[in-house]
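Below is structure.pdb, holding PDB, C-alpha atoms.
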MODEL        1
ATOM      1  CA  MET A   1      78.111 103.915  86.509
ATOM      2  CA  GLN A   2      74.819 103.450  84.747
ATOM      3  CA  TYR A   3      73.205 100.099  84.081
ATOM      4  CA  THR A   4      70.106  98.560  82.579
ATOM      5  CA  THR A   5      68.768  95.078  83.238
ATOM      6  CA  ARG A   6      66.548  92.891  81.087
ATOM      7  CA  ARG A   7      65.097  89.488  81.909
ATOM      8  CA  ASP A   8      64.912  86.909  79.155
ATOM      9  CA  GLY A   9      63.457  83.757  80.640
ATOM     10  CA  SER A  10      65.951  82.460  83.178
ATOM     11  CA  ARG A  11      68.610  84.849  81.904
ATOM     12  CA  VAL A  12      69.232  88.300  83.437
ATOM     13  CA  GLU A  13      71.117  90.557  81.035
ATOM     14  CA  THR A  14      72.744  93.671  82.451
ATOM     15  CA  ALA A  15      74.559  96.329  80.453
ATOM     16  CA  LEU A  16      76.952  98.566  82.392
ATOM     17  CA  SER A  17      78.285 101.878  81.124
ATOM     18  CA  GLY A  18      80.506 104.745  82.209
ATOM     19  CA  ARG A  19      83.009 104.547  85.072
ATOM     20  CA  LEU A  20      82.656 101.957  87.832
ATOM     21  CA  THR A  21      84.439 103.413  90.876
ATOM     22  CA  PHE A  22      84.257 104.125  94.617
ATOM     23  CA  ALA A  23      81.689 106.804  93.815
ATOM     24  CA  ASP A  24      79.186 104.075  92.886
ATOM     25  CA  ALA A  25      79.513 102.009  96.074
ATOM     26  CA  GLY A  26      76.218 103.376  97.385
ATOM     27  CA  GLN A  27      74.286 101.675  94.585
ATOM     28  CA  PHE A  28      76.027  98.277  94.747
ATOM     29  CA  PRO A  29      73.270  96.579  96.820
ATOM     30  CA  GLN A  30      70.591  97.726  94.360
ATOM     31  CA  PHE A  31      72.705  96.533  91.420
ATOM     32  CA  LEU A  32      73.148  93.107  93.004
ATOM     33  CA  ASP A  33      69.417  92.845  93.743
ATOM     34  CA  GLN A  34      68.576  93.563  90.117
ATOM     35  CA  ALA A  35      71.404  91.861  88.218
ATOM     36  CA  VAL A  36      72.084  88.710  90.198
ATOM     37  CA  LYS A  37      68.855  87.715  91.972
ATOM     38  CA  GLY A  38      66.652  85.260  90.088
ATOM     39  CA  GLY A  39      67.441  83.395  86.898
ATOM     40  CA  THR A  40      70.158  80.891  86.231
ATOM     41  CA  VAL A  41      72.431  83.022  84.067
ATOM     42  CA  CYS A  42      73.766  86.477  84.924
ATOM     43  CA  ASP A  43      75.002  88.068  81.695
ATOM     44  CA  LEU A  44      77.053  91.251  82.135
ATOM     45  CA  ASP A  45      77.746  93.353  79.045
ATOM     46  CA  LEU A  46      80.761  95.582  79.772
ATOM     47  CA  SER A  47      81.147  97.041  76.269
ATOM     48  CA  ALA A  48      80.301 100.587  77.408
ATOM     49  CA  LEU A  49      82.250 100.448  80.667
ATOM     50  CA  THR A  50      85.186 102.840  80.329
ATOM     51  CA  PHE A  51      87.052 102.558  83.632
ATOM     52  CA  ILE A  52      87.098 100.457  86.788
ATOM     53  CA  ASP A  53      88.931 100.959  90.085
ATOM     54  CA  SER A  54      89.474  98.620  93.040
ATOM     55  CA  THR A  55      86.093  99.446  94.582
ATOM     56  CA  GLY A  56      84.484  98.717  91.223
ATOM     57  CA  MET A  57      86.228  95.356  91.146
ATOM     58  CA  SER A  58      84.840  94.578  94.591
ATOM     59  CA  LEU A  59      81.336  94.750  93.053
ATOM     60  CA  PHE A  60      82.218  91.800  90.814
ATOM     61  CA  VAL A  61      83.480  89.869  93.839
ATOM     62  CA  HIS A  62      80.014  90.348  95.349
ATOM     63  CA  VAL A  63      78.515  89.197  92.036
ATOM     64  CA  TYR A  64      80.676  86.067  92.263
ATOM     65  CA  ASP A  65      79.713  85.399  95.896
ATOM     66  CA  ALA A  66      75.999  85.880  95.187
ATOM     67  CA  ALA A  67      76.119  83.711  92.062
ATOM     68  CA  GLN A  68      77.990  80.958  93.903
ATOM     69  CA  ALA A  69      75.399  80.986  96.681
ATOM     70  CA  SER A  70      72.487  80.640  94.255
ATOM     71  CA  GLY A  71      74.154  78.382  91.699
ATOM     72  CA  GLN A  72      74.061  80.951  88.901
ATOM     73  CA  LYS A  73      76.411  81.117  85.970
ATOM     74  CA  VAL A  74      78.007  84.510  85.320
ATOM     75  CA  ILE A  75      79.137  85.627  81.874
ATOM     76  CA  MET A  76      81.157  88.784  81.325
ATOM     77  CA  ARG A  77      81.212  89.951  77.749
ATOM     78  CA  ASN A  78      82.774  92.675  75.619
ATOM     79  CA  ALA A  79      85.165  94.139  78.202
ATOM     80  CA  LYS A  80      87.520  96.493  76.370
ATOM     81  CA  GLY A  81      90.731  98.440  76.854
ATOM     82  CA  SER A  82      91.721  99.278  80.410
ATOM     83  CA  VAL A  83      88.625  97.547  81.828
ATOM     84  CA  ALA A  84      89.582  94.241  80.188
ATOM     85  CA  ASP A  85      93.223  94.665  81.286
ATOM     86  CA  THR A  86      92.243  95.427  84.876
ATOM     87  CA  LEU A  87      89.857  92.468  85.135
ATOM     88  CA  ARG A  88      92.385  90.041  83.670
ATOM     89  CA  ARG A  89      95.188  91.341  85.919
ATOM     90  CA  ALA A  90      92.910  90.670  88.882
ATOM     91  CA  SER A  91      92.219  87.171  87.478
ATOM     92  CA  PHE A  92      88.487  87.677  87.084
ATOM     93  CA  ASP A  93      88.724  85.580  83.937
ATOM     94  CA  THR A  94      89.308  82.607  86.243
ATOM     95  CA  LEU A  95      86.090  83.333  88.171
ATOM     96  CA  PHE A  96      83.744  84.114  85.301
ATOM     97  CA  GLU A  97      83.268  83.052  81.728
ATOM     98  CA  PHE A  98      84.690  85.822  79.518
ATOM     99  CA  LYS A  99      83.284  86.365  76.027
TER     100      LYS A  99
ATOM    101  CA  MET B   1     108.746 150.027  94.766
ATOM    102  CA  THR B   2     107.809 146.319  94.997
ATOM    103  CA  GLN B   3     104.731 145.220  93.036
ATOM    104  CA  ALA B   4     102.149 143.106  94.868
ATOM    105  CA  VAL B   5     101.198 139.707  93.544
ATOM    106  CA  HIS B   6      98.393 139.808  90.975
ATOM    107  CA  ILE B   7      95.624 137.282  91.663
ATOM    108  CA  ALA B   8      93.844 136.520  88.375
ATOM    109  CA  ILE B   9      90.589 134.660  89.040
ATOM    110  CA  THR B  10      88.456 132.845  86.488
ATOM    111  CA  SER B  11      84.952 132.062  87.715
ATOM    112  CA  ARG B  12      82.886 129.123  86.510
ATOM    113  CA  GLY B  13      79.437 129.999  87.853
ATOM    114  CA  VAL B  14      80.597 131.326  91.232
ATOM    115  CA  GLU B  15      79.211 134.519  92.829
ATOM    116  CA  GLY B  16      81.279 137.705  92.879
ATOM    117  CA  THR B  17      81.292 137.909  96.689
ATOM    118  CA  ILE B  18      82.970 134.505  96.895
ATOM    119  CA  ILE B  19      85.527 135.492  94.283
ATOM    120  CA  GLU B  20      86.443 138.653  96.186
ATOM    121  CA  ARG B  21      86.767 136.670  99.405
ATOM    122  CA  VAL B  22      89.173 134.231  97.760
ATOM    123  CA  ARG B  23      91.101 137.109  96.201
ATOM    124  CA  GLY B  24      91.503 138.606  99.679
ATOM    125  CA  ASP B  25      92.617 135.267 101.166
ATOM    126  CA  PHE B  26      95.244 134.812  98.493
ATOM    127  CA  ALA B  27      96.466 138.415  98.698
ATOM    128  CA  ARG B  28      97.021 138.051 102.446
ATOM    129  CA  ARG B  29      98.679 134.647 102.235
ATOM    130  CA  LEU B  30     100.902 135.547  99.316
ATOM    131  CA  ALA B  31     101.898 138.970 100.646
ATOM    132  CA  GLY B  32     105.478 139.705  99.703
ATOM    133  CA  MET B  33     105.296 137.651  96.514
ATOM    134  CA  THR B  34     105.338 139.222  93.102
ATOM    135  CA  GLY B  35     104.068 138.084  89.740
ATOM    136  CA  ARG B  36     100.752 136.544  88.749
ATOM    137  CA  VAL B  37      98.773 133.665  90.252
ATOM    138  CA  ASP B  38      95.967 132.192  88.133
ATOM    139  CA  VAL B  39      93.079 130.751  90.112
ATOM    140  CA  THR B  40      89.936 129.079  88.780
ATOM    141  CA  ILE B  41      86.929 128.788  91.103
ATOM    142  CA  PHE B  42      84.090 126.487  90.101
ATOM    143  CA  ASP B  43      80.703 125.563  91.510
ATOM    144  CA  GLY B  44      81.147 121.909  92.528
ATOM    145  CA  PRO B  45      77.472 120.880  92.488
ATOM    146  CA  LEU B  46      76.966 122.416  89.020
ATOM    147  CA  GLU B  47      80.308 121.798  87.330
ATOM    148  CA  THR B  48      80.179 119.248  84.525
ATOM    149  CA  ASP B  49      83.595 119.655  82.900
ATOM    150  CA  LEU B  50      86.471 119.442  85.345
ATOM    151  CA  ALA B  51      88.988 119.201  82.504
ATOM    152  CA  ALA B  52      87.866 122.626  81.293
ATOM    153  CA  ALA B  53      88.172 124.039  84.809
ATOM    154  CA  LEU B  54      91.709 122.677  85.029
ATOM    155  CA  ALA B  55      92.721 124.027  81.621
ATOM    156  CA  GLN B  56      95.444 126.645  81.463
ATOM    157  CA  PRO B  57      96.048 129.231  82.690
ATOM    158  CA  ALA B  58      94.762 127.776  85.991
ATOM    159  CA  LEU B  59      97.504 126.814  88.430
ATOM    160  CA  ILE B  60      95.087 126.575  91.337
ATOM    161  CA  CYS B  61      91.587 125.180  90.881
ATOM    162  CA  ILE B  62      89.120 125.358  93.768
ATOM    163  CA  ASP B  63      85.611 123.997  94.332
ATOM    164  CA  ALA B  64      83.659 126.818  96.022
ATOM    165  CA  GLN B  65      81.599 124.188  97.876
ATOM    166  CA  CYS B  66      84.440 123.501 100.298
ATOM    167  CA  LEU B  67      85.727 127.042 100.850
ATOM    168  CA  ASP B  68      84.153 127.329 104.318
ATOM    169  CA  ARG B  69      86.026 124.253 105.460
ATOM    170  CA  ALA B  70      89.407 124.740 103.899
ATOM    171  CA  ASP B  71      92.310 127.087 103.432
ATOM    172  CA  PRO B  72      92.348 127.468  99.644
ATOM    173  CA  VAL B  73      95.986 128.466  99.373
ATOM    174  CA  PRO B  74      98.115 125.438  98.345
ATOM    175  CA  PRO B  75     101.802 124.840  99.102
ATOM    176  CA  ARG B  76     103.968 127.346  97.232
ATOM    177  CA  SER B  77     105.909 124.533  95.598
ATOM    178  CA  ALA B  78     102.815 123.162  93.856
ATOM    179  CA  ILE B  79     102.838 123.421  90.061
ATOM    180  CA  LEU B  80      99.144 122.584  89.852
ATOM    181  CA  SER B  81      96.706 122.383  92.715
ATOM    182  CA  LEU B  82      93.098 121.199  92.719
ATOM    183  CA  MET B  83      90.762 121.347  95.712
ATOM    184  CA  VAL B  84      87.356 119.682  95.379
ATOM    185  CA  SER B  85      84.631 118.899  97.889
ATOM    186  CA  THR B  86      84.001 115.304  98.898
ATOM    187  CA  ALA B  87      80.661 115.413  97.071
ATOM    188  CA  THR B  88      82.311 116.655  93.877
ATOM    189  CA  ALA B  89      84.976 113.939  94.082
ATOM    190  CA  THR B  90      82.226 111.309  93.972
ATOM    191  CA  ARG B  91      80.525 112.918  90.957
ATOM    192  CA  LEU B  92      83.285 114.034  88.594
ATOM    193  CA  ASP B  93      86.275 112.313  87.041
ATOM    194  CA  VAL B  94      88.809 114.010  89.305
ATOM    195  CA  ALA B  95      91.552 111.527  88.506
ATOM    196  CA  ALA B  96      91.416 112.431  84.792
ATOM    197  CA  GLU B  97      94.455 111.160  82.892
ATOM    198  CA  ILE B  98      96.584 110.337  85.927
ATOM    199  CA  ARG B  99      94.254 107.423  86.460
ATOM    200  CA  TYR B 100      94.987 104.465  88.611
ATOM    201  CA  ALA B 101      97.149 105.673  91.483
ATOM    202  CA  VAL B 102      95.379 108.982  91.882
ATOM    203  CA  GLN B 103      92.004 107.284  91.421
ATOM    204  CA  GLU B 104      92.738 104.909  94.307
ATOM    205  CA  ALA B 105      94.144 107.706  96.476
ATOM    206  CA  ILE B 106      91.052 109.848  95.916
ATOM    207  CA  GLY B 107      88.847 106.839  96.624
ATOM    208  CA  ASN B 108      90.646 106.301  99.921
ATOM    209  CA  ALA B 109      90.438 110.019 100.764
ATOM    210  CA  VAL B 110      86.683 110.009 100.167
ATOM    211  CA  ILE B 111      85.687 106.651 101.674
ATOM    212  CA  HIS B 112      88.112 106.232 104.555
ATOM    213  CA  GLY B 113      89.115 109.872 105.025
ATOM    214  CA  ASN B 114      86.316 112.405 104.742
ATOM    215  CA  LEU B 115      83.388 109.973 104.964
ATOM    216  CA  GLY B 116      85.063 107.999 107.770
ATOM    217  CA  LEU B 117      83.813 104.637 106.462
ATOM    218  CA  ASP B 118      85.507 101.322 107.155
ATOM    219  CA  GLY B 119      86.024  99.356 103.939
ATOM    220  CA  ALA B 120      85.861  96.111 105.909
ATOM    221  CA  MET B 121      82.142  96.856 106.297
ATOM    222  CA  ARG B 122      81.692  95.641 102.700
ATOM    223  CA  ALA B 123      82.739  92.049 103.268
ATOM    224  CA  SER B 124      79.258  90.498 103.157
ATOM    225  CA  MET B 125      76.029  91.465 101.409
ATOM    226  CA  GLU B 126      74.442  92.534 104.682
ATOM    227  CA  GLU B 127      77.454  94.676 105.547
ATOM    228  CA  LEU B 128      77.493  96.122 102.033
ATOM    229  CA  ARG B 129      73.919  97.347 102.530
ATOM    230  CA  LEU B 130      74.919  99.086 105.776
ATOM    231  CA  PHE B 131      78.001 100.548 104.100
ATOM    232  CA  ALA B 132      75.977 101.859 101.142
ATOM    233  CA  ALA B 133      73.359 103.400 103.428
ATOM    234  CA  ALA B 134      76.034 105.070 105.572
ATOM    235  CA  MET B 135      77.783 106.387 102.461
ATOM    236  CA  GLU B 136      74.565 107.897 101.069
ATOM    237  CA  GLN B 137      73.708 109.393 104.453
ATOM    238  CA  ARG B 138      77.112 111.021 104.914
ATOM    239  CA  LEU B 139      77.205 112.327 101.351
ATOM    240  CA  ALA B 140      73.909 114.073 102.093
ATOM    241  CA  ASP B 141      75.400 115.690 105.195
ATOM    242  CA  PRO B 142      77.415 118.888 104.519
ATOM    243  CA  VAL B 143      79.618 118.105 107.531
ATOM    244  CA  HIS B 144      81.114 115.293 105.436
ATOM    245  CA  ALA B 145      80.152 116.197 101.862
ATOM    246  CA  CYS B 146      81.725 119.654 101.863
ATOM    247  CA  LEU B 147      85.068 118.620 103.345
ATOM    248  CA  PRO B 148      87.849 119.242 100.823
ATOM    249  CA  ILE B 149      90.022 116.755  98.976
ATOM    250  CA  THR B 150      93.162 118.538  97.789
ATOM    251  CA  VAL B 151      95.231 117.210  94.898
ATOM    252  CA  ALA B 152      98.566 118.921  94.276
ATOM    253  CA  ALA B 153     101.407 118.251  91.850
ATOM    254  CA  THR B 154     104.977 119.312  92.525
ATOM    255  CA  HIS B 155     108.327 118.823  90.843
ATOM    256  CA  HIS B 156     110.356 116.034  92.419
ATOM    257  CA  GLU B 157     113.940 115.585  91.281
ATOM    258  CA  ASP B 158     113.609 113.658  87.999
ATOM    259  CA  GLY B 159     109.881 113.142  88.249
ATOM    260  CA  VAL B 160     106.665 114.508  89.624
ATOM    261  CA  ALA B 161     105.041 114.126  93.025
ATOM    262  CA  ILE B 162     101.274 114.115  93.332
ATOM    263  CA  SER B 163      99.691 114.402  96.735
ATOM    264  CA  VAL B 164      96.099 113.738  97.786
ATOM    265  CA  GLU B 165      94.979 115.137 101.114
ATOM    266  CA  ASP B 166      91.744 114.670 103.040
ATOM    267  CA  ARG B 167      90.284 116.079 106.263
ATOM    268  CA  GLY B 168      89.440 112.785 107.935
ATOM    269  CA  ALA B 169      90.776 111.282 111.143
ATOM    270  CA  GLY B 170      93.976 110.050 109.518
ATOM    271  CA  PHE B 171      95.556 106.656 110.031
ATOM    272  CA  HIS B 172      98.901 105.008 110.657
ATOM    273  CA  PRO B 173     100.153 103.129 107.584
ATOM    274  CA  SER B 174     101.338 100.227 109.755
ATOM    275  CA  SER B 175      97.757  99.752 110.974
ATOM    276  CA  VAL B 176      96.541  98.796 107.486
ATOM    277  CA  ARG B 177      95.661  95.104 107.534
ATOM    278  CA  ALA B 178      95.273  92.748 104.662
ATOM    279  CA  PRO B 179      91.666  92.823 103.452
ATOM    280  CA  VAL B 180      89.391  90.296 105.163
ATOM    281  CA  SER B 181      87.973  89.446 101.746
ATOM    282  CA  ALA B 182      88.337  90.765  98.205
ATOM    283  CA  ALA B 183      84.754  92.038  98.437
ATOM    284  CA  ALA B 184      85.760  94.310 101.299
ATOM    285  CA  GLY B 185      88.193  96.186  99.089
ATOM    286  CA  GLY B 186      91.523  97.203 100.601
ATOM    287  CA  LEU B 187      93.359  96.777  97.315
ATOM    288  CA  GLY B 188      93.712 100.502  96.737
ATOM    289  CA  LEU B 189      96.988 100.934  98.561
ATOM    290  CA  THR B 190      98.436  97.866  96.837
ATOM    291  CA  ILE B 191      97.535  99.326  93.445
ATOM    292  CA  ILE B 192      99.033 102.701  94.390
ATOM    293  CA  LYS B 193     102.302 101.031  95.401
ATOM    294  CA  LYS B 194     102.442  99.236  92.059
ATOM    295  CA  CYS B 195     101.781 102.401  90.078
ATOM    296  CA  CYS B 196     104.383 104.756  91.523
ATOM    297  CA  ARG B 197     108.008 104.758  92.544
ATOM    298  CA  GLU B 198     107.551 105.773  96.145
ATOM    299  CA  ILE B 199     104.793 106.814  98.518
ATOM    300  CA  VAL B 200     105.063 109.011 101.585
ATOM    301  CA  PHE B 201     102.373 109.567 104.207
ATOM    302  CA  SER B 202     102.203 112.796 106.201
ATOM    303  CA  LEU B 203      99.736 114.808 108.316
ATOM    304  CA  ASP B 204      98.988 111.698 110.409
ATOM    305  CA  GLY B 205      98.037 109.742 107.308
ATOM    306  CA  ARG B 206      95.705 112.387 105.880
ATOM    307  CA  ARG B 207      98.052 113.104 102.996
ATOM    308  CA  ILE B 208      99.583 110.581 100.642
ATOM    309  CA  THR B 209     102.315 111.771  98.299
ATOM    310  CA  MET B 210     102.942 109.561  95.276
ATOM    311  CA  ILE B 211     106.215 110.013  93.456
ATOM    312  CA  PHE B 212     106.292 109.119  89.777
ATOM    313  CA  GLY B 213     109.334 109.026  87.551
ATOM    314  CA  ALA B 214     112.366 106.935  86.684
ATOM    315  CA  ALA B 215     113.420 104.496  89.408
TER     316      ALA B 215
ENDMDL
END
As a first step, turn the structure in this file into C-alpha cells.
Amino acid sequence: MQYTTRRDGSRVETALSGRLTFADAGQFPQFLDQAVKGGTVCDLDLSALTFIDSTGMSLFVHVYDAAQASGQKVIMRNAKGSVADTLRRASFDTLFEFK
Amino acid sequence: MTQAVHIAITSRGVEGTIIERVRGDFARRLAGMTGRVDVTIFDGPLETDLAAALAQPALICIDAQCLDRADPVPPRSAILSLMVSTATATRLDVAAEIRYAVQEAIGNAVIHGNLGLDGAMRASMEELRLFAAAMEQRLADPVHACLPITVAATHHEDGVAISVEDRGAGFHPSSVRAPVSAAAGGLGLTIIKKCCREIVFSLDGRRITMIFGAA
C-alpha cells in the first residue's frame, strides 16, 4: 500500500493506492498517526486501491476506533471493484459514510 | 537403458553455483524418474514480476533466498509448486489470480507461522504499535525472513487442491478462538472457509490444503 495525506483546514484527506494486505501491517500505526489524528473529518480516497484482505480491513477498524474516540467523521470515497465488494460485505458502509 | 530425469532450470538473476546445487538436489531426489522437470529459480529480494517467474514452462518455482532453509523438491503429485521466502511473500503479489483464500492462507503463514506473531496483539492502538515493531524486527532477521512459504497445486477429484505451508510452530485448529475484536484480525480462516469447498490441516497445522471445485 502507498498513501499520501493532505491537510485542508480541519479536513485530513488521504489517498490510498495499490494492495492493502497483511504485508502492510507494519506501517498501520504510522498511517493512523497521519490520516486520523487531528482535524474533524478523515477523508479516505480509495479510488486507486486495487485489493484488500482481512488484515487490510482491520486497518479500517482501527480508523473507526480512533475516529470514534476523537469525535471525527470518516468518509470513504471511490472504492471500486473487489475493494468496494469486500468493504460492503464486511458492512463497513454501516460504519462510515460511503461516497 | 533407462534415461535419467532431465532437470531444466531457468534462472532469473540467480548465480550459477546455486543453480547447479539445485540441479544436484533434484537429480538425487528424483532418481529413478524419467522425463523432464522444469524449474525456475528467482532472486526473491530482486524479483519484481512473479507472474513472469511462474509462466510456463515452470512447474516448480523457487525463491533462492530460502534455499538454505528448505528442501526445494515439492510433492510429486504437485502440478505447480511455488516456494518463496517470508520476506518475498510480504513484498510480491504471491496470491495472484487465486486471490482471497490463498491470500488469507499466505497471510496466516507469514504472520502467525513464520513470523510467530499473535494477531490478538493488534486489538488496541498500543498493541498495534508493538505488533508492527515486532513484525518489522522479525522481517529484518534472516532467521524469520528467509523461512520458506510453499504453495502447491494438485489435482483433486473434480477440482483442484491448493496447499500453503509454513515453517512456524504450527497450531491446532480447535485452538483458534473467535477474534477478541475486529481490529485484531482473525477473520482469515473464516474467509478461507467461505471461499473453498473443504480445508484440511496437516503437519501440525503448518500446512493448510484448500480444496476448490464443485460441491
Pick out the chain A residues within 7 Å of chain B. Count only C-alpha atoms. Give them as a PyMOL selection string.
chain A and resi 22-23+25-27+29+53-55+58-59+61-62
Using the chain letters and numbering of this document, enumerate as a list in words the residues selected by the PyMOL selection byres ((chain A and resi 82) around 8).
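Selected by the PyMOL selection byres ((chain A and resi 82) around 8) in this file: Thr50, Phe51, Ile52, Lys80, Gly81, Val83, Ala84, Asp85 and Thr86 of chain A.
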State, in Å with one decimal place, the distance from CA of Arg23 in chain B to CA of Met83 in chain B.
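CA of Met83 in chain B lies 15.8 Å from CA of Arg23 in chain B.
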Test item: residues at most 12 Å from Ala79 in chain A, all atoms listed in the file, excluding those fewer than 4 positions along its chain, as a ChimeraX atom specification:
/A:15-17,44-52,75,83-88,92-93,97-99
If you apply the PyMOL selection byres ((chain B and resi 39) around 10) to this file, what residues do you get, as a ChimeraX atom specification?
/B:7-11,19,22-23,26,36-38,40-42,53-54,56-62,73,81-82
Quick one: everything within 9 Å of Asp8 in chain A, counting all atoms listed in the file, minus sequence neighbours fewer than 4 positions away in the same chain. Send it as a list in words.
Val12, Glu13 and Gly39 of chain A
Ile211 in chain B surroundings by only C-alpha atoms, 8 Å radius, close-in-sequence under 3 positions cut, as JSON, numbers by chain:
{"B": [156, 159, 160, 161, 162, 196, 197, 198, 199]}
Interatomic distance (Å, one decimal) between CA of Cys146 in chain B and CA of Thr86 in chain B:
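CA of Thr86 in chain B lies 5.7 Å from CA of Cys146 in chain B.
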Can you give me N, CA and C atoms for range 103-118 of chain B, written as a compact mmCIF listing (two decimals), keeping the file's coordinate frame?
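Contents of rebuild35.txt, freshly written:
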# COMPACT_ATOMS: atom_id res chain seq x y z
N GLN B 103 93.38 107.77 91.24
CA GLN B 103 92.00 107.28 91.42
C GLN B 103 91.87 106.56 92.77
N GLU B 104 92.81 105.66 93.05
CA GLU B 104 92.74 104.91 94.31
C GLU B 104 92.96 105.82 95.51
N ALA B 105 93.88 106.79 95.36
CA ALA B 105 94.14 107.71 96.48
C ALA B 105 92.93 108.58 96.76
N ILE B 106 92.26 109.03 95.71
CA ILE B 106 91.05 109.85 95.92
C ILE B 106 89.93 108.99 96.51
N GLY B 107 89.84 107.75 96.04
CA GLY B 107 88.85 106.84 96.62
C GLY B 107 89.08 106.65 98.12
N ASN B 108 90.33 106.45 98.50
CA ASN B 108 90.65 106.30 99.92
C ASN B 108 90.35 107.58 100.69
N ALA B 109 90.67 108.73 100.09
CA ALA B 109 90.44 110.02 100.76
C ALA B 109 88.95 110.24 101.00
N VAL B 110 88.13 109.84 100.04
CA VAL B 110 86.68 110.01 100.17
C VAL B 110 86.11 109.00 101.16
N ILE B 111 86.34 107.72 100.89
CA ILE B 111 85.69 106.65 101.67
C ILE B 111 86.23 106.59 103.10
N HIS B 112 87.54 106.42 103.21
CA HIS B 112 88.11 106.23 104.56
C HIS B 112 88.42 107.56 105.24
N GLY B 113 88.76 108.57 104.45
CA GLY B 113 89.12 109.87 105.02
C GLY B 113 87.88 110.69 105.39
N ASN B 114 87.38 111.44 104.43
CA ASN B 114 86.32 112.40 104.74
C ASN B 114 84.98 111.77 105.13
N LEU B 115 84.66 110.60 104.58
CA LEU B 115 83.39 109.97 104.96
C LEU B 115 83.56 109.08 106.18
N GLY B 116 84.81 108.77 106.56
CA GLY B 116 85.06 108.00 107.77
C GLY B 116 84.46 106.61 107.76
N LEU B 117 84.42 105.97 106.57
CA LEU B 117 83.81 104.64 106.46
C LEU B 117 84.89 103.55 106.45
N ASP B 118 84.58 102.45 107.08
CA ASP B 118 85.51 101.32 107.16
C ASP B 118 85.22 100.38 105.99
